[in-house]
>>> print(open('model-v5.pdb').read())   # PDB, C-alpha atoms
ATOM      1  CA  ILE A   1     190.119 180.659  80.748
ATOM      2  CA  LEU A   2     186.956 178.942  80.355
ATOM      3  CA  ALA A   3     186.606 176.127  77.967
ATOM      4  CA  GLY A   4     183.481 174.203  76.962
ATOM      5  CA  CYS A   5     182.453 171.592  74.581
ATOM      6  CA  ALA A   6     179.422 172.085  72.432
ATOM      7  CA  SER A   7     177.800 169.749  69.995
ATOM      8  CA  ASN A   8     176.238 170.943  66.813
ATOM      9  CA  ALA A   9     174.388 167.668  66.149
ATOM     10  CA  PRO A  10     170.600 168.074  66.150
ATOM     11  CA  GLU A  11     168.639 166.311  68.891
ATOM     12  CA  GLU A  12     166.331 163.473  67.814
ATOM     13  CA  ASP A  13     162.587 163.912  68.359
ATOM     14  CA  THR A  14     161.402 160.848  70.274
ATOM     15  CA  SER A  15     157.844 162.049  70.902
ATOM     16  CA  SER A  16     156.449 160.100  67.935
ATOM     17  CA  ASP A  17     158.631 157.059  68.419
ATOM     18  CA  THR A  18     156.339 154.308  69.727
ATOM     19  CA  SER A  19     159.201 151.903  70.325
ATOM     20  CA  LEU A  20     159.959 153.777  73.531
ATOM     21  CA  ASP A  21     156.298 153.899  74.719
ATOM     22  CA  THR A  22     155.863 151.581  77.702
ATOM     23  CA  THR A  23     152.135 152.308  78.223
ATOM     24  CA  PRO A  24     150.060 149.191  77.474
ATOM     25  CA  ALA A  25     147.746 149.593  74.514
ATOM     26  CA  VAL A  26     144.018 149.631  75.359
ATOM     27  CA  VAL A  27     141.858 147.936  72.774
ATOM     28  CA  GLU A  28     138.180 148.778  73.070
ATOM     29  CA  LYS A  29     135.779 146.001  72.167
ATOM     30  CA  PRO A  30     132.356 146.915  70.900
ATOM     31  CA  VAL A  31     129.696 146.444  73.563
ATOM     32  CA  GLU A  32     127.472 143.555  72.611
ATOM     33  CA  LYS A  33     123.811 143.782  73.479
ATOM     34  CA  PRO A  34     122.287 140.640  74.935
ATOM     35  CA  GLN A  35     120.473 138.708  72.253
ATOM     36  CA  GLU A  36     116.709 139.081  72.647
ATOM     37  CA  MET A  37     114.887 135.786  72.452
ATOM     38  CA  LYS A  38     112.207 135.664  69.800
ATOM     39  CA  PRO A  39     108.972 134.432  71.398
ATOM     40  CA  MET A  40     108.316 130.768  70.660
ATOM     41  CA  ILE A  41     104.756 129.721  69.872
ATOM     42  CA  SER A  42     103.288 126.336  70.792
ATOM     43  CA  GLY A  43      99.511 126.047  70.510
ATOM     44  CA  THR A  44      97.907 128.260  73.134
ATOM     45  CA  LYS A  45     101.230 128.822  74.924
ATOM     46  CA  ILE A  46     103.953 131.299  74.054
ATOM     47  CA  THR A  47     107.435 131.370  75.612
ATOM     48  CA  VAL A  48     109.101 134.768  75.983
ATOM     49  CA  SER A  49     112.308 136.145  77.496
ATOM     50  CA  ARG A  50     112.019 137.844  80.876
ATOM     51  CA  GLY A  51     115.002 140.051  80.080
ATOM     52  CA  ALA A  52     118.783 139.818  79.932
ATOM     53  CA  GLY A  53     119.888 136.898  82.073
ATOM     54  CA  MET A  54     116.450 136.472  83.635
ATOM     55  CA  GLY A  55     115.406 133.293  81.802
ATOM     56  CA  THR A  56     112.088 132.675  80.111
ATOM     57  CA  GLU A  57     108.449 132.396  81.012
ATOM     58  CA  THR A  58     105.595 130.618  79.296
ATOM     59  CA  LEU A  59     102.365 132.546  78.980
ATOM     60  CA  ASP A  60      99.143 130.593  79.159
ATOM     61  CA  GLY A  61      96.692 131.365  76.390
ATOM     62  CA  ILE A  62      93.434 130.124  77.929
ATOM     63  CA  PHE A  63      91.137 132.428  79.898
ATOM     64  CA  TYR A  64      88.017 131.223  81.683
ATOM     65  CA  PHE A  65      84.653 132.906  82.234
ATOM     66  CA  ASP A  66      81.798 132.625  84.692
ATOM     67  CA  PHE A  67      78.464 131.144  83.645
ATOM     68  CA  ASP A  68      76.652 133.293  81.081
ATOM     69  CA  GLN A  69      79.301 136.063  81.402
ATOM     70  CA  ALA A  70      81.600 137.797  78.932
ATOM     71  CA  ILE A  71      83.622 139.814  81.436
ATOM     72  CA  VAL A  72      87.375 139.191  81.650
ATOM     73  CA  LYS A  73      88.120 138.028  85.180
ATOM     74  CA  ARG A  74      90.490 140.188  87.214
ATOM     75  CA  SER A  75      92.628 137.095  87.840
ATOM     76  CA  GLY A  76      93.495 137.041  84.120
ATOM     77  CA  HIS A  77      94.522 140.693  83.799
ATOM     78  CA  ALA A  78      98.237 140.241  84.574
ATOM     79  CA  GLU A  79      98.583 137.393  82.080
ATOM     80  CA  LEU A  80      96.704 139.351  79.397
ATOM     81  CA  ASP A  81      98.995 142.327  80.079
ATOM     82  CA  ARG A  82     101.964 140.112  79.199
ATOM     83  CA  HIS A  83     100.215 138.921  76.022
ATOM     84  CA  ALA A  84      99.573 142.551  75.027
ATOM     85  CA  LYS A  85     103.262 143.318  75.576
ATOM     86  CA  VAL A  86     104.286 140.406  73.315
ATOM     87  CA  LEU A  87     101.970 141.721  70.598
ATOM     88  CA  MET A  88     103.285 145.296  70.979
ATOM     89  CA  GLU A  89     106.909 144.139  70.722
ATOM     90  CA  ASN A  90     106.232 141.764  67.814
ATOM     91  CA  ARG A  91     104.010 143.616  65.360
ATOM     92  CA  SER A  92     104.251 140.757  62.838
ATOM     93  CA  PHE A  93     102.499 138.394  65.282
ATOM     94  CA  ARG A  94      98.808 137.680  64.869
ATOM     95  CA  VAL A  95      96.534 136.119  67.446
ATOM     96  CA  ARG A  96      93.195 134.408  66.899
ATOM     97  CA  LEU A  97      90.855 134.639  69.873
ATOM     98  CA  GLU A  98      88.602 131.584  69.920
ATOM     99  CA  GLY A  99      85.498 132.013  72.069
ATOM    100  CA  HIS A 100      83.802 128.966  73.590
ATOM    101  CA  ALA A 101      80.753 128.220  75.731
ATOM    102  CA  ASP A 102      79.467 125.236  77.659
ATOM    103  CA  GLU A 103      76.656 123.069  76.319
ATOM    104  CA  ARG A 104      73.840 124.864  78.128
ATOM    105  CA  GLY A 105      71.764 127.201  75.974
ATOM    106  CA  THR A 106      70.886 127.117  72.293
ATOM    107  CA  ARG A 107      73.506 126.761  69.591
ATOM    108  CA  GLU A 108      72.894 130.330  68.407
ATOM    109  CA  TYR A 109      73.063 131.775  71.916
ATOM    110  CA  ASN A 110      76.331 129.959  72.649
ATOM    111  CA  LEU A 111      77.902 131.157  69.378
ATOM    112  CA  ALA A 112      76.988 134.738  70.313
ATOM    113  CA  LEU A 113      78.281 134.251  73.881
ATOM    114  CA  GLY A 114      81.595 132.841  72.621
ATOM    115  CA  GLU A 115      81.962 135.861  70.333
ATOM    116  CA  ARG A 116      81.204 138.304  73.174
ATOM    117  CA  ARG A 117      83.868 136.594  75.297
ATOM    118  CA  ALA A 118      86.471 136.764  72.528
ATOM    119  CA  ASN A 119      85.601 140.418  71.891
ATOM    120  CA  ALA A 120      86.038 141.168  75.610
ATOM    121  CA  VAL A 121      89.571 139.736  75.467
ATOM    122  CA  ARG A 122      90.233 141.679  72.247
ATOM    123  CA  ALA A 123      89.084 144.928  73.889
ATOM    124  CA  TYR A 124      91.382 144.263  76.844
ATOM    125  CA  LEU A 125      94.417 143.533  74.657
ATOM    126  CA  THR A 126      93.902 146.629  72.493
ATOM    127  CA  ALA A 127      93.381 148.792  75.579
ATOM    128  CA  GLN A 128      96.805 147.605  76.755
ATOM    129  CA  GLY A 129      98.475 148.599  73.480
ATOM    130  CA  ALA A 130      98.092 145.655  71.091
ATOM    131  CA  SER A 131      97.054 146.620  67.578
ATOM    132  CA  GLY A 132      93.511 145.705  66.587
ATOM    133  CA  SER A 133      94.840 144.533  63.226
ATOM    134  CA  GLN A 134      96.813 141.800  65.018
ATOM    135  CA  VAL A 135      93.727 140.289  66.619
ATOM    136  CA  GLU A 136      91.090 138.085  64.974
ATOM    137  CA  VAL A 137      87.923 136.941  66.747
ATOM    138  CA  ILE A 138      86.067 133.688  66.091
ATOM    139  CA  SER A 139      83.429 131.838  68.083
ATOM    140  CA  TYR A 140      82.916 128.106  68.287
ATOM    141  CA  GLY A 141      80.163 128.292  70.872
ATOM    142  CA  GLU A 142      79.654 124.815  72.309
ATOM    143  CA  GLU A 143      81.053 123.047  69.223
ATOM    144  CA  LYS A 144      84.624 122.406  70.502
ATOM    145  CA  PRO A 145      84.461 121.501  74.186
ATOM    146  CA  ALA A 146      87.720 121.154  76.082
ATOM    147  CA  VAL A 147      86.124 118.534  78.326
ATOM    148  CA  LEU A 148      83.263 116.193  77.514
ATOM    149  CA  GLY A 149      80.584 115.457  80.067
ATOM    150  CA  GLY A 150      78.099 117.341  82.171
ATOM    151  CA  GLY A 151      78.417 118.996  85.499
ATOM    152  CA  GLU A 152      79.931 122.247  86.682
ATOM    153  CA  SER A 153      83.564 121.079  86.615
ATOM    154  CA  SER A 154      83.283 120.201  82.905
ATOM    155  CA  TRP A 155      81.238 123.262  82.010
ATOM    156  CA  ALA A 156      83.707 125.592  83.778
ATOM    157  CA  GLN A 157      86.561 124.340  81.570
ATOM    158  CA  ASN A 158      84.478 124.861  78.426
ATOM    159  CA  ARG A 159      83.633 128.528  79.165
ATOM    160  CA  ARG A 160      86.840 129.988  77.772
ATOM    161  CA  VAL A 161      88.740 132.037  75.209
ATOM    162  CA  GLU A 162      91.868 130.515  73.697
ATOM    163  CA  LEU A 163      94.651 132.662  72.205
ATOM    164  CA  ASN A 164      96.290 131.037  69.186
ATOM    165  CA  TYR A 165      99.321 132.872  67.789
ATOM    166  CA  SER A 166     100.835 132.915  64.318
ATOM    167  CA  ASN A 167     103.555 135.035  62.733
TER     168      ASN A 167
END
>>> encode(input="model-v5.pdb", output="structure tokens")
Amino acid sequence: ILAGCASNAPEEDTSSDTSLDTTPAVVEKPVEKPQEMKPMISGTKITVSRGAGMGTETLDGIFYFDFDQAIVKRSGHAELDRHAKVLMENRSFRVRLEGHADERGTREYNLALGERRANAVRAYLTAQGASGSQVEVISYGEEKPAVLGGGESSWAQNRRVELNYSN
């Protein structure tokens, strides 16, 4: 004789019971993007972020020219490239290019030379992607020297274009 014991009670479904789950819960946090630093303007200098965790750099906004020339020097190209990038990334920014000349030559000639210099910088910036509508050109000729006095060292500092930003 064979005898057995059977239960008619239904088995409980524990598959949806979380009280028995021993796996630790994983909570996903949203990935935060590093906060981009808005460029800070101070006269002819502008401070921009180099990238996430890379610090900042200050761009100089004064570019010098040779005597009686309106050609952007190759030594200024890298800095102007960075200025063009700032303008491309910040379409609300405006920059006024102020052309200057030394005291040699007539007032009219120096005003025209300062304008040619500022237009050369404008052409460079727009060729690198800045919008022409962001750039204004003005010439002061010899009227606003950076350094008073005669001699080549003074004149060299007065042959310039200054970038002045606004937003």
>>> resolve_selection(input="model-v5.pdb", expression="the PyMOL selection byres ((chain A and resi 102-109) around 12)", output="VMD selection string")
chain A and resid 64 to 69 99 to 101 110 to 116 139 to 161
>>> closest_residue(input="model-v5.pdb", among="A:Gly129, A:Asn119, A:Phe93, A:Lys73", to="Asn167 in chain A", atoms="only C-alpha atoms")
A:Phe93
>>> resolve_selection(input="model-v5.pdb", expression="the PyMOL selection byres ((chain A and resi 36-47) around 12)", output="ChimeraX atom specification")
/A:32-35,48-63,79,82-83,85-87,89-90,92-98,161-167
>>> atom_distance(input="model-v5.pdb", atom1="CA of Ser131 in chain A", atom2="CA of Gly76 in chain A")
19.4 Å
>>> axis_aligned_box(input="model-v5.pdb", around="range 118-121 of chain A", padding_each_side="4 Å", output="lines of an AutoDock Vina configuration file")
center_x = 87.6
center_y = 139.0
center_z = 73.8
size_x = 12.0
size_y = 12.4
size_z = 11.7
>>> build_atoms(input="model-v5.pdb", residues="range 95-106 of chain A", atoms="all heavy atoms", output="compact mmCIF listing (two decimals), keeping the file's coordinate frame")
# COMPACT_ATOMS: atom_id res chain seq x y z
N VAL A 95 97.14 137.02 66.48
CA VAL A 95 96.53 136.12 67.45
C VAL A 95 95.05 135.95 67.10
O VAL A 95 94.37 136.92 66.76
CB VAL A 95 96.73 136.61 68.90
CG1 VAL A 95 96.01 137.92 69.17
CG2 VAL A 95 96.30 135.56 69.90
N ARG A 96 94.61 134.71 67.13
CA ARG A 96 93.20 134.41 66.90
C ARG A 96 92.58 134.10 68.26
O ARG A 96 93.05 133.20 68.98
CB ARG A 96 93.03 133.22 65.95
CG ARG A 96 91.58 132.94 65.58
CD ARG A 96 91.43 131.81 64.59
NE ARG A 96 91.94 130.56 65.15
CZ ARG A 96 92.93 129.86 64.62
NH1 ARG A 96 93.51 130.23 63.51
NH2 ARG A 96 93.33 128.74 65.20
N LEU A 97 91.56 134.84 68.62
CA LEU A 97 90.86 134.64 69.87
C LEU A 97 89.65 133.76 69.59
O LEU A 97 88.73 134.15 68.87
CB LEU A 97 90.40 135.97 70.46
CG LEU A 97 91.49 137.03 70.64
CD1 LEU A 97 90.90 138.33 71.17
CD2 LEU A 97 92.59 136.52 71.54
N GLU A 98 89.66 132.56 70.15
CA GLU A 98 88.60 131.58 69.92
C GLU A 98 87.70 131.52 71.14
O GLU A 98 88.11 131.08 72.21
CB GLU A 98 89.20 130.21 69.63
CG GLU A 98 90.08 130.20 68.41
CD GLU A 98 90.78 128.88 68.17
OE1 GLU A 98 90.69 127.97 69.04
OE2 GLU A 98 91.41 128.74 67.11
N GLY A 99 86.46 132.00 70.98
CA GLY A 99 85.50 132.01 72.07
C GLY A 99 84.72 130.71 72.14
O GLY A 99 84.33 130.15 71.12
N HIS A 100 84.51 130.23 73.37
CA HIS A 100 83.80 128.97 73.59
C HIS A 100 82.77 129.14 74.70
O HIS A 100 82.87 130.04 75.53
CB HIS A 100 84.78 127.87 74.02
CG HIS A 100 85.83 127.59 73.00
ND1 HIS A 100 85.66 126.67 72.00
CD2 HIS A 100 87.07 128.12 72.81
CE1 HIS A 100 86.75 126.63 71.25
NE2 HIS A 100 87.61 127.51 71.72
N ALA A 101 81.79 128.24 74.70
CA ALA A 101 80.75 128.22 75.73
C ALA A 101 80.50 126.78 76.15
O ALA A 101 80.89 125.84 75.44
CB ALA A 101 79.47 128.85 75.19
N ASP A 102 79.83 126.60 77.28
CA ASP A 102 79.47 125.24 77.66
C ASP A 102 78.22 124.83 76.88
O ASP A 102 77.70 125.58 76.08
CB ASP A 102 79.31 125.10 79.18
CG ASP A 102 78.22 125.98 79.76
OD1 ASP A 102 77.17 126.17 79.09
OD2 ASP A 102 78.39 126.46 80.89
N GLU A 103 77.74 123.63 77.13
CA GLU A 103 76.66 123.07 76.32
C GLU A 103 75.26 123.59 76.67
O GLU A 103 74.30 123.30 75.96
CB GLU A 103 76.67 121.54 76.44
CG GLU A 103 76.41 121.07 77.86
CD GLU A 103 76.69 119.60 78.06
OE1 GLU A 103 77.66 119.10 77.47
OE2 GLU A 103 75.95 118.97 78.82
N ARG A 104 75.15 124.36 77.74
CA ARG A 104 73.84 124.86 78.13
C ARG A 104 73.47 126.05 77.24
O ARG A 104 74.30 126.86 76.91
CB ARG A 104 73.84 125.26 79.60
CG ARG A 104 74.10 124.05 80.49
CD ARG A 104 74.26 124.43 81.93
NE ARG A 104 75.55 125.11 82.12
CZ ARG A 104 75.97 125.58 83.28
NH1 ARG A 104 75.20 125.47 84.34
NH2 ARG A 104 77.13 126.16 83.39
N GLY A 105 72.24 126.13 76.85
CA GLY A 105 71.76 127.20 75.97
C GLY A 105 71.67 126.71 74.54
O GLY A 105 72.16 125.63 74.19
N THR A 106 71.04 127.51 73.69
CA THR A 106 70.89 127.12 72.29
C THR A 106 72.21 127.30 71.55
O THR A 106 73.10 128.03 72.00
CB THR A 106 69.81 127.97 71.60
OG1 THR A 106 70.26 129.32 71.54
CG2 THR A 106 68.46 127.89 72.32
